[in-house]
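The file coords-v2.txt comes next; it holds compact mmCIF, C-alpha atoms and all ligand atoms.
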```
# COMPACT_ATOMS: atom_id res chain seq x y z
CA MET Y 1 80.69 205.09 -7.57
CA ARG Y 2 79.98 204.72 -3.86
CA LYS Y 3 79.01 201.08 -4.37
CA ASP Y 4 82.29 200.53 -6.14
CA ILE Y 5 84.29 201.83 -3.21
CA LEU Y 6 82.42 199.57 -0.81
CA LYS Y 7 82.88 196.53 -3.00
CA SER Y 8 86.56 197.21 -3.39
CA SER Y 9 87.54 196.98 0.29
CA LYS Y 10 90.28 194.40 0.14
CA ILE Y 11 90.00 190.98 1.74
CA TRP Y 12 93.48 189.93 2.80
CA LEU Y 13 94.90 186.45 2.90
CA SER Y 14 95.76 186.83 6.59
CA SER Y 15 95.86 190.20 8.30
CA PRO Y 16 96.74 191.30 11.85
CA HIS Y 17 93.95 190.83 14.39
CA MET Y 18 94.27 192.71 17.66
CA SER Y 19 92.82 191.33 20.87
CA GLY Y 20 92.37 194.73 22.52
CA GLU Y 21 94.81 193.84 25.32
CA GLU Y 22 97.91 195.06 23.49
CA MET Y 23 97.71 198.78 24.38
CA ARG Y 24 97.77 198.10 28.12
CA TYR Y 25 101.22 196.50 27.84
CA ILE Y 26 102.44 199.17 25.44
CA ASN Y 27 101.25 201.93 27.77
CA GLU Y 28 103.00 200.28 30.69
CA ALA Y 29 106.20 200.25 28.67
CA PHE Y 30 105.85 203.96 27.88
CA GLU Y 31 104.96 204.91 31.43
CA SER Y 32 107.98 203.11 32.84
CA ASN Y 33 110.18 204.26 29.92
CA TRP Y 34 111.08 200.67 28.98
CA VAL Y 35 111.35 201.66 25.33
CA ALA Y 36 114.28 199.35 24.65
CA PRO Y 37 115.21 195.92 23.34
CA LEU Y 38 114.77 194.54 26.84
CA GLY Y 39 112.37 195.06 29.73
CA PRO Y 40 109.42 193.52 31.58
CA ASN Y 41 107.33 192.83 28.47
CA VAL Y 42 110.18 190.87 26.88
CA ASP Y 43 110.61 188.79 30.04
CA GLY Y 44 106.84 188.41 30.38
CA PHE Y 45 106.33 187.41 26.75
CA GLU Y 46 109.13 184.84 26.94
CA ASN Y 47 107.69 183.28 30.10
CA GLU Y 48 104.12 183.29 28.84
CA LEU Y 49 105.08 181.80 25.48
CA ALA Y 50 107.24 179.08 27.07
CA SER Y 51 104.49 178.23 29.51
CA TYR Y 52 101.82 178.12 26.77
CA LEU Y 53 103.96 175.75 24.69
CA GLY Y 54 105.22 173.68 27.58
CA ALA Y 55 108.81 174.53 26.68
CA GLN Y 56 111.50 175.10 29.31
CA HIS Y 57 113.23 178.14 27.85
CA CYS Y 58 112.47 180.89 25.36
CA CYS Y 59 114.24 183.86 23.81
CA ALA Y 60 112.17 186.54 22.06
CA LEU Y 61 113.85 187.82 18.89
CA SER Y 62 113.43 190.31 16.08
CA SER Y 63 112.18 187.66 13.63
CA GLY Y 64 111.65 183.98 13.00
CA THR Y 65 114.51 184.15 10.52
CA ALA Y 66 116.83 185.38 13.28
CA ALA Y 67 115.66 182.46 15.44
CA ILE Y 68 116.59 179.94 12.73
CA HIS Y 69 119.94 181.66 12.26
CA LEU Y 70 120.77 181.49 15.98
CA ALA Y 71 119.61 177.85 16.14
CA LEU Y 72 122.11 176.96 13.42
CA ILE Y 73 124.92 178.89 15.15
CA ASN Y 74 124.10 177.02 18.37
CA LEU Y 75 124.52 173.75 16.50
CA GLY Y 76 127.91 174.82 15.16
CA VAL Y 77 126.81 175.01 11.53
CA GLY Y 78 129.62 176.70 9.60
CA ILE Y 79 131.38 177.08 6.28
CA GLY Y 80 131.23 173.95 4.11
CA ASP Y 81 128.67 172.16 6.30
CA GLU Y 82 125.44 170.68 4.96
CA VAL Y 83 122.00 171.15 6.52
CA ILE Y 84 118.96 169.15 5.46
CA CYS Y 85 115.96 171.40 4.91
CA GLN Y 86 112.35 170.89 3.88
CA SER Y 87 112.03 172.10 0.29
CA PHE Y 88 108.32 172.92 0.44
CA THR Y 89 108.50 176.09 2.55
CA PHE Y 90 109.07 179.83 2.64
CA SER Y 91 112.62 180.93 1.81
CA ALA Y 92 113.24 182.13 5.39
CA THR Y 93 113.60 178.49 6.46
CA ALA Y 94 116.59 177.99 4.18
CA ASN Y 95 118.30 181.39 3.99
CA PRO Y 96 120.05 181.23 7.39
CA ILE Y 97 121.84 178.04 6.27
CA VAL Y 98 123.51 180.16 3.60
CA TYR Y 99 124.22 183.00 6.06
CA GLN Y 100 126.47 180.49 7.84
CA GLY Y 101 128.31 179.55 4.66
CA ALA Y 102 126.70 176.11 4.70
CA THR Y 103 124.79 174.34 1.92
CA PRO Y 104 121.11 173.40 2.17
CA ILE Y 105 120.18 169.87 1.08
CA PHE Y 106 116.52 170.02 0.11
CA VAL Y 107 114.13 167.18 0.88
CA ASP Y 108 110.66 166.92 -0.63
CA SER Y 109 107.35 166.41 1.17
CA GLU Y 110 104.89 163.53 1.43
CA PRO Y 111 101.23 163.93 0.40
CA GLU Y 112 99.66 163.26 3.82
CA THR Y 113 100.95 166.29 5.76
CA TRP Y 114 102.73 168.13 2.91
CA ASN Y 115 105.83 168.15 5.13
CA MET Y 116 109.21 166.44 5.00
CA ASP Y 117 108.98 162.87 3.70
CA PRO Y 118 110.67 160.66 6.34
CA ALA Y 119 111.70 158.00 3.80
CA LEU Y 120 113.31 160.62 1.59
CA LEU Y 121 114.96 162.20 4.62
CA GLU Y 122 116.66 158.94 5.45
CA GLU Y 123 117.70 158.50 1.83
CA ALA Y 124 119.20 162.00 1.87
CA ILE Y 125 121.10 161.38 5.11
CA ARG Y 126 122.55 158.11 3.79
CA GLY Y 127 123.38 159.75 0.47
CA ARG Y 128 125.25 162.61 2.11
CA ILE Y 129 127.12 160.31 4.49
CA LYS Y 130 128.15 158.17 1.53
CA LYS Y 131 129.52 161.29 -0.14
CA GLY Y 132 131.58 161.84 2.99
CA LYS Y 133 129.63 164.54 4.76
CA LYS Y 134 127.18 163.94 7.57
CA PRO Y 135 124.50 166.67 7.72
CA LYS Y 136 124.97 169.03 10.67
CA ALA Y 137 121.23 169.59 11.26
CA ILE Y 138 117.74 168.89 9.92
CA ILE Y 139 115.14 171.66 9.59
CA ILE Y 140 111.52 170.58 9.29
CA VAL Y 141 108.48 172.78 8.80
CA HIS Y 142 104.83 172.45 9.83
CA LEU Y 143 103.42 173.92 6.64
CA TYR Y 144 100.36 176.16 6.99
CA GLY Y 145 100.07 174.87 10.56
CA MET Y 146 99.91 171.16 9.72
CA PRO Y 147 102.09 169.07 12.05
CA ALA Y 148 104.72 167.05 10.19
CA LYS Y 149 105.37 163.31 10.63
CA VAL Y 150 107.13 164.11 13.86
CA ASP Y 151 107.54 160.61 15.31
CA GLU Y 152 109.19 159.23 12.21
CA ILE Y 153 111.44 162.24 11.74
CA VAL Y 154 112.54 162.44 15.38
CA SER Y 155 113.43 158.77 15.33
CA ILE Y 156 115.49 159.13 12.13
CA ALA Y 157 117.24 162.20 13.60
CA GLN Y 158 118.06 160.17 16.71
CA LYS Y 159 119.18 157.14 14.73
CA TYR Y 160 121.78 159.21 12.89
CA ASP Y 161 122.41 161.53 15.85
CA ILE Y 162 121.60 164.71 13.93
CA PRO Y 163 119.94 167.62 15.77
CA LEU Y 164 116.46 168.62 14.63
CA VAL Y 165 115.33 172.25 14.28
CA GLU Y 166 111.59 172.71 14.06
CA ASP Y 167 110.39 175.67 12.01
CA ALA Y 168 107.01 176.17 13.68
CA ALA Y 169 106.68 179.73 12.31
CA GLU Y 170 103.28 178.88 10.84
CA ALA Y 171 102.17 176.47 13.53
CA LEU Y 172 101.74 178.25 16.86
CA GLY Y 173 98.87 176.42 18.58
CA SER Y 174 99.12 173.29 16.41
CA ARG Y 175 99.58 170.00 18.22
CA TYR Y 176 100.70 166.47 17.55
CA ASN Y 177 99.75 163.83 20.12
CA ASP Y 178 98.56 166.69 22.31
CA ARG Y 179 101.98 168.27 22.36
CA PHE Y 180 102.59 171.69 20.80
CA CYS Y 181 104.55 172.10 17.59
CA GLY Y 182 107.86 173.77 18.35
CA THR Y 183 108.64 171.43 21.25
CA PHE Y 184 109.69 168.30 19.36
CA GLY Y 185 113.07 169.40 18.06
CA THR Y 186 116.32 170.27 19.78
CA MET Y 187 115.12 173.83 19.22
CA GLY Y 188 111.86 175.26 17.93
CA VAL Y 189 111.25 178.47 15.98
CA LEU Y 190 108.20 180.76 16.10
CA SER Y 191 107.39 183.84 14.02
CA PHE Y 192 105.20 186.83 14.87
CA ASN Y 193 105.30 188.46 11.47
CA GLY Y 194 102.22 190.50 10.53
CA ASN Y 195 100.47 187.69 8.67
CA LYS Y 196 101.02 184.91 11.23
CA ILE Y 197 98.34 183.62 13.60
CA ILE Y 198 99.49 186.12 16.23
CA THR Y 199 101.78 189.04 15.52
CA THR Y 200 104.13 191.56 17.10
CA SER Y 201 104.20 193.37 13.72
CA GLY Y 202 107.52 191.63 13.27
CA GLY Y 203 109.21 189.23 15.64
CA GLY Y 204 110.15 185.69 16.45
CA ALA Y 205 111.25 183.35 19.20
CA LEU Y 206 113.55 180.43 19.81
CA VAL Y 207 112.39 177.80 22.30
CA SER Y 208 114.20 174.81 23.75
CA ASP Y 209 114.44 172.58 26.78
CA ASN Y 210 118.19 173.12 26.62
CA GLN Y 211 119.01 176.17 28.71
CA GLU Y 212 122.48 176.59 27.22
CA TYR Y 213 121.09 177.04 23.71
CA ILE Y 214 118.69 179.75 24.84
CA GLN Y 215 121.29 181.53 26.95
CA LYS Y 216 123.71 181.53 24.06
CA ALA Y 217 121.00 182.77 21.66
CA ARG Y 218 120.22 185.64 24.03
CA PHE Y 219 123.93 186.47 24.32
CA LEU Y 220 124.51 186.44 20.55
CA ALA Y 221 121.30 188.39 19.90
CA THR Y 222 122.51 191.25 22.10
CA GLN Y 223 125.84 191.83 20.31
CA ALA Y 224 127.71 189.08 22.19
CA ARG Y 225 128.90 191.36 24.96
CA ASP Y 226 131.18 189.67 27.47
CA ASN Y 227 130.73 190.11 31.19
CA ALA Y 228 132.91 193.17 31.78
CA PRO Y 229 132.32 196.82 32.76
CA HIS Y 230 133.62 197.99 29.39
CA TYR Y 231 132.45 196.69 26.01
CA GLN Y 232 134.39 193.52 25.38
CA HIS Y 233 133.67 190.91 22.72
CA SER Y 234 135.05 187.44 22.19
CA ASN Y 235 132.36 186.49 19.65
CA ILE Y 236 130.67 188.05 16.65
CA GLY Y 237 127.27 189.18 17.81
CA TYR Y 238 123.95 190.20 16.27
CA ASN Y 239 121.27 192.74 17.03
CA TYR Y 240 118.38 190.29 17.04
CA ARG Y 241 116.47 191.02 20.26
CA MET Y 242 112.77 191.84 20.34
CA SER Y 243 111.90 195.31 21.64
CA ASN Y 244 109.91 195.76 24.84
CA ILE Y 245 107.17 197.59 22.91
CA LEU Y 246 106.71 194.76 20.43
CA ALA Y 247 106.82 192.18 23.21
CA GLY Y 248 103.90 194.13 24.71
CA ILE Y 249 101.93 193.54 21.53
CA GLY Y 250 102.92 189.88 21.75
CA ARG Y 251 101.61 189.54 25.33
CA GLY Y 252 98.26 191.01 24.32
CA GLN Y 253 98.13 188.77 21.25
CA LEU Y 254 99.03 185.61 23.13
CA LYS Y 255 96.01 186.10 25.39
CA ALA Y 256 93.81 185.38 22.34
CA ILE Y 257 95.73 182.44 20.85
CA ASP Y 258 93.13 179.78 21.70
CA LEU Y 259 90.38 181.90 20.18
CA ARG Y 260 92.50 182.59 17.08
CA VAL Y 261 93.04 178.86 16.53
CA LYS Y 262 89.29 178.32 16.86
CA GLN Y 263 88.55 181.09 14.36
CA ARG Y 264 91.06 179.79 11.81
CA ARG Y 265 89.65 176.31 12.19
CA ALA Y 266 86.14 177.70 11.70
CA ASN Y 267 87.32 179.27 8.41
CA ASN Y 268 88.61 175.87 7.39
CA ALA Y 269 85.23 174.29 8.19
CA PHE Y 270 83.50 177.04 6.17
CA TYR Y 271 85.56 176.19 3.10
CA ARG Y 272 85.09 172.45 3.55
CA GLU Y 273 81.35 172.87 3.72
CA LEU Y 274 81.39 174.93 0.54
CA LEU Y 275 83.88 172.89 -1.52
CA GLY Y 276 83.93 169.49 0.14
CA GLY Y 277 81.65 167.89 -2.42
CA ILE Y 278 83.49 169.09 -5.50
CA GLU Y 279 85.20 166.37 -7.49
CA GLY Y 280 88.80 167.43 -8.05
CA VAL Y 281 89.12 169.79 -5.08
CA SER Y 282 91.03 168.43 -2.07
CA PHE Y 283 92.09 169.98 1.21
CA HIS Y 284 95.26 170.00 3.28
CA THR Y 285 93.84 167.80 6.00
CA GLU Y 286 94.63 166.55 9.50
CA SER Y 287 95.43 162.87 9.92
CA GLY Y 288 96.19 160.68 12.93
CA SER Y 289 96.55 162.72 16.10
CA ARG Y 290 97.35 165.94 14.28
CA TYR Y 291 95.62 169.14 15.32
CA SER Y 292 96.32 172.03 12.95
CA ASN Y 293 95.88 175.72 13.72
CA TYR Y 294 94.85 175.91 10.03
CA TRP Y 295 96.81 179.14 9.76
CA LEU Y 296 96.04 179.13 6.04
CA THR Y 297 93.35 176.92 4.54
CA SER Y 298 94.88 175.39 1.42
CA ILE Y 299 93.34 173.41 -1.42
CA LEU Y 300 94.57 171.49 -4.44
CA ILE Y 301 92.64 171.83 -7.68
CA ASP Y 302 92.88 168.94 -10.11
CA SER Y 303 92.26 170.69 -13.41
CA ASN Y 304 91.65 167.37 -15.18
CA LYS Y 305 88.56 166.92 -13.03
CA THR Y 306 87.39 170.51 -12.51
CA GLN Y 307 88.42 171.91 -15.90
CA ARG Y 308 89.63 174.93 -13.89
CA THR Y 309 93.11 175.88 -12.70
CA ARG Y 310 94.27 177.37 -9.46
CA GLU Y 311 95.54 180.41 -11.36
CA GLU Y 312 92.08 181.00 -12.79
CA LEU Y 313 90.67 180.91 -9.27
CA ARG Y 314 93.35 183.27 -7.99
CA LEU Y 315 92.48 185.73 -10.75
CA ALA Y 316 88.74 185.37 -10.07
CA PHE Y 317 89.41 186.33 -6.46
CA GLU Y 318 91.70 189.17 -7.51
CA ALA Y 319 88.99 190.59 -9.76
CA GLU Y 320 86.85 190.93 -6.62
CA ASN Y 321 89.72 192.45 -4.65
CA ILE Y 322 90.23 189.28 -2.63
CA GLU Y 323 93.74 188.08 -1.93
CA SER Y 324 94.61 184.40 -2.34
CA ARG Y 325 98.06 182.94 -2.91
CA PRO Y 326 99.71 179.99 -4.65
CA LEU Y 327 101.39 177.55 -2.28
CA TRP Y 328 105.06 178.18 -1.51
CA LYS Y 329 107.23 177.55 -4.52
CA PRO Y 330 109.55 174.71 -3.45
CA MET Y 331 113.10 175.79 -2.64
CA HIS Y 332 114.62 173.31 -5.08
CA LEU Y 333 112.81 175.19 -7.89
CA GLN Y 334 114.04 178.62 -6.81
CA PRO Y 335 116.58 180.28 -9.11
CA VAL Y 336 118.74 181.25 -6.14
CA PHE Y 337 119.08 177.57 -5.14
CA ASN Y 338 119.66 176.35 -8.68
CA ASP Y 339 122.74 174.27 -7.96
CA VAL Y 340 121.76 172.95 -4.53
CA PRO Y 341 121.33 169.17 -4.07
CA ALA Y 342 117.72 168.05 -3.70
CA TYR Y 343 115.99 164.75 -2.93
CA THR Y 344 112.62 164.96 -4.63
CA ASN Y 345 109.58 162.82 -5.31
CA GLY Y 346 107.48 165.22 -7.37
CA PHE Y 347 104.96 166.02 -4.64
CA SER Y 348 105.79 169.64 -3.87
CA GLU Y 349 106.15 170.51 -7.56
CA LYS Y 350 102.71 169.10 -8.24
CA ALA Y 351 101.18 170.75 -5.17
CA PHE Y 352 102.74 174.08 -6.14
CA GLU Y 353 101.10 173.80 -9.54
CA MET Y 354 97.68 172.83 -8.18
CA GLY Y 355 97.51 174.60 -4.84
CA LEU Y 356 95.99 177.79 -3.53
CA CYS Y 357 95.86 179.35 -0.05
CA LEU Y 358 92.42 180.83 0.60
CA PRO Y 359 91.68 183.96 2.65
CA SER Y 360 92.13 182.70 6.20
CA GLY Y 361 92.27 185.66 8.59
CA SER Y 362 90.77 185.11 12.03
CA ASN Y 363 89.08 188.49 11.49
CA LEU Y 364 87.11 187.54 8.35
CA THR Y 365 83.61 188.97 8.70
CA ASP Y 366 80.36 187.33 7.66
CA ILE Y 367 79.99 189.88 4.87
CA GLU Y 368 83.49 189.03 3.64
CA LYS Y 369 82.64 185.34 3.73
CA VAL Y 370 79.60 186.04 1.56
CA ARG Y 371 81.85 187.77 -0.99
CA ILE Y 372 84.30 184.85 -0.89
CA SER Y 373 81.62 182.20 -1.26
CA GLY Y 374 80.12 184.20 -4.13
CA VAL Y 375 83.37 183.91 -6.06
CA LEU Y 376 83.72 180.20 -5.25
CA LYS Y 377 80.12 179.39 -6.16
CA THR Y 378 80.40 181.11 -9.52
CA PHE Y 379 83.82 179.62 -10.20
CA PHE Y 380 82.89 176.02 -9.43
CA ASN Y 381 79.29 176.32 -10.55
CA ILE Y 382 77.88 175.54 -7.11
CA LYS Y 383 74.11 175.82 -6.88
C1 LIG S 401 107.12 183.41 8.34
C2 LIG S 401 108.02 182.27 8.22
C3 LIG S 401 109.36 182.31 8.63
C4 LIG S 401 110.09 183.57 8.97
O1 LIG S 401 109.61 184.33 9.96
P1 LIG S 401 109.95 185.90 10.00
O2 LIG S 401 109.49 186.23 11.38
O3 LIG S 401 109.15 186.55 8.94
O4 LIG S 401 111.41 186.07 9.83
C5 LIG S 401 110.11 181.16 8.60
N1 LIG S 401 109.61 180.01 8.15
C6 LIG S 401 108.33 179.92 7.71
C7 LIG S 401 107.84 178.59 7.24
C8 LIG S 401 107.51 181.03 7.71
O5 LIG S 401 106.25 180.95 7.23
```

Using structure tokens, write down the structure from this file.
Ligand SMILES: *Cc1c(COP(=O)(O)O)cnc(C)c1O
Amino acid sequence: MRKDILKSSKIWLSSPHMSGEEMRYINEAFESNWVAPLGPNVDGFENELASYLGAQHCCALSSGTAAIHLALINLGVGIGDEVICQSFTFSATANPIVYQGATPIFVDSEPETWNMDPALLEEAIRGRIKKGKKPKAIIIVHLYGMPAKVDEIVSIAQKYDIPLVEDAAEALGSRYNDRFCGTFGTMGVLSFNGNKIITTSGGGALVSDNQEYIQKARFLATQARDNAPHYQHSNIGYNYRMSNILAGIGRGQLKAIDLRVKQRRANNAFYRELLGGIEGVSFHTESGSRYSNYWLTSILIDSNKTQRTREELRLAFEAENIESRPLWKPMHLQPVFNDVPAYTNGFSEKAFEMGLCLPSGSNLTDIEKVRISGVLKTFFNIK
């Protein structure tokens, strides 16, 4: 019985990992009674995050989704507009397009980075322009921390003069050409949800080198209150600001970001060592001058070669109380986006079928790794 309880302690896909510095900032907030959606921790977190990324301006928000929403408002996305969006992503990338009464135009990924296919992006832009509507914005994602084909995409965005929003929710600490993800677009989006590489329990940020965008985001996120002694409003506002308590968690978390990237990358190396030699198992892998935070280590299982499916592996993990997860189901396959235009090449559908995210927390213990490798060794018959 006792043994059973021990065995059953759950291994999560990616769970919060405190640095130990968080309580100091939270205590400061309590002691000074800054228990509010503004205060020194919010200012501090914004400055520290901007300076880490090498971005000019930053606004801390209640979620990454809120950050995407405000980015689209900044770009004037409204009713009847079209916004090009990576299909292979979490739904939060696309939902804010619909909040604005606009239509997402989904674009598939290429096999090298698993992110937006530049050739297909250009085809989509031309196709939409031909139909009489130039897309108002492009949203790319750095899936599981892997930097997208940024050079190609930025140059296409510039060629057609369409602003680029970078959903770097999964990619804090990832770099391309030694520059941090989140700083390539007109605006960049971060998330500090509980399962991300650092967390504020829930939170997000919008970063940009354009001060006006960040000022306007801050204004809209605090109910769009005009400058007057009474409450006056000339715009519809939102309650999207991050609280000073949560920003305190964020400041403590940010202190450990370099270590967290190292730990996630070490997990990735652990899995490569274990599975690298197996015919039919391939990894989501860095190429060129990409440096991934490897937020989640992800593999593709070719069942023709392994005679095993990703679902069988997921269930084998589950039987040992270990969480793993299929890759994101592409947006163009989601029932809610049934009638949305999509430019596809088959990649994300295939990857969704074959792919699994492995337990990737920066807090995985050696004992947990033994349990994980036990499952993998049995499953793939590794001696
Ligand atoms: C987590 C995530 C978001 C949303 O962030 P929240 O802070 O949870 O709102 C957006 N896009 C991607 C790709 C994500 O993984």

Exercise for the section: Counting all atoms listed in the file, figure out which residue out of Y:Lys216, Y:Lys149, Y:Arg241, Y:His332 gets nearest to Leu72 in chain Y. Expected result: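 For Leu72 in chain Y, the nearest of the candidates is Y:Lys216.
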
Exercise for the section: For ligand LIG 401 (chain S), list the contacting residues at 8 Å or closer, counting only C-alpha atoms and all ligand atoms, as a PyMOL selection string. Expected result: chain Y and resi 62-68+89-93+141-144+167-170+189-193+195-196+202-204

Exercise for the section: Give me the residues within 7 Å of range 278-293 of chain Y as a ChimeraX atom specification, counting all atoms listed in the file and dropping any in the same chain fewer than 5 places off. Expected result: /Y:145-147,171,173-177,261,264-265,298-302,305-306

Practice task
Rank nothing, just name the residue among Y:Cys181, Y:Ile236, Y:Ile153, Y:Ala247 nearest to Thr222 in chain Y, using all atoms listed in the file.
Solution key: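 The answer is Y:Ile236, which sits nearest to Thr222 in chain Y.
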
Exercise for the section: Could you check how far CA of Ile156 in chain Y sits from CA of Asn345 in chain Y, in Å to one decimal? Expected result: 18.8 Å
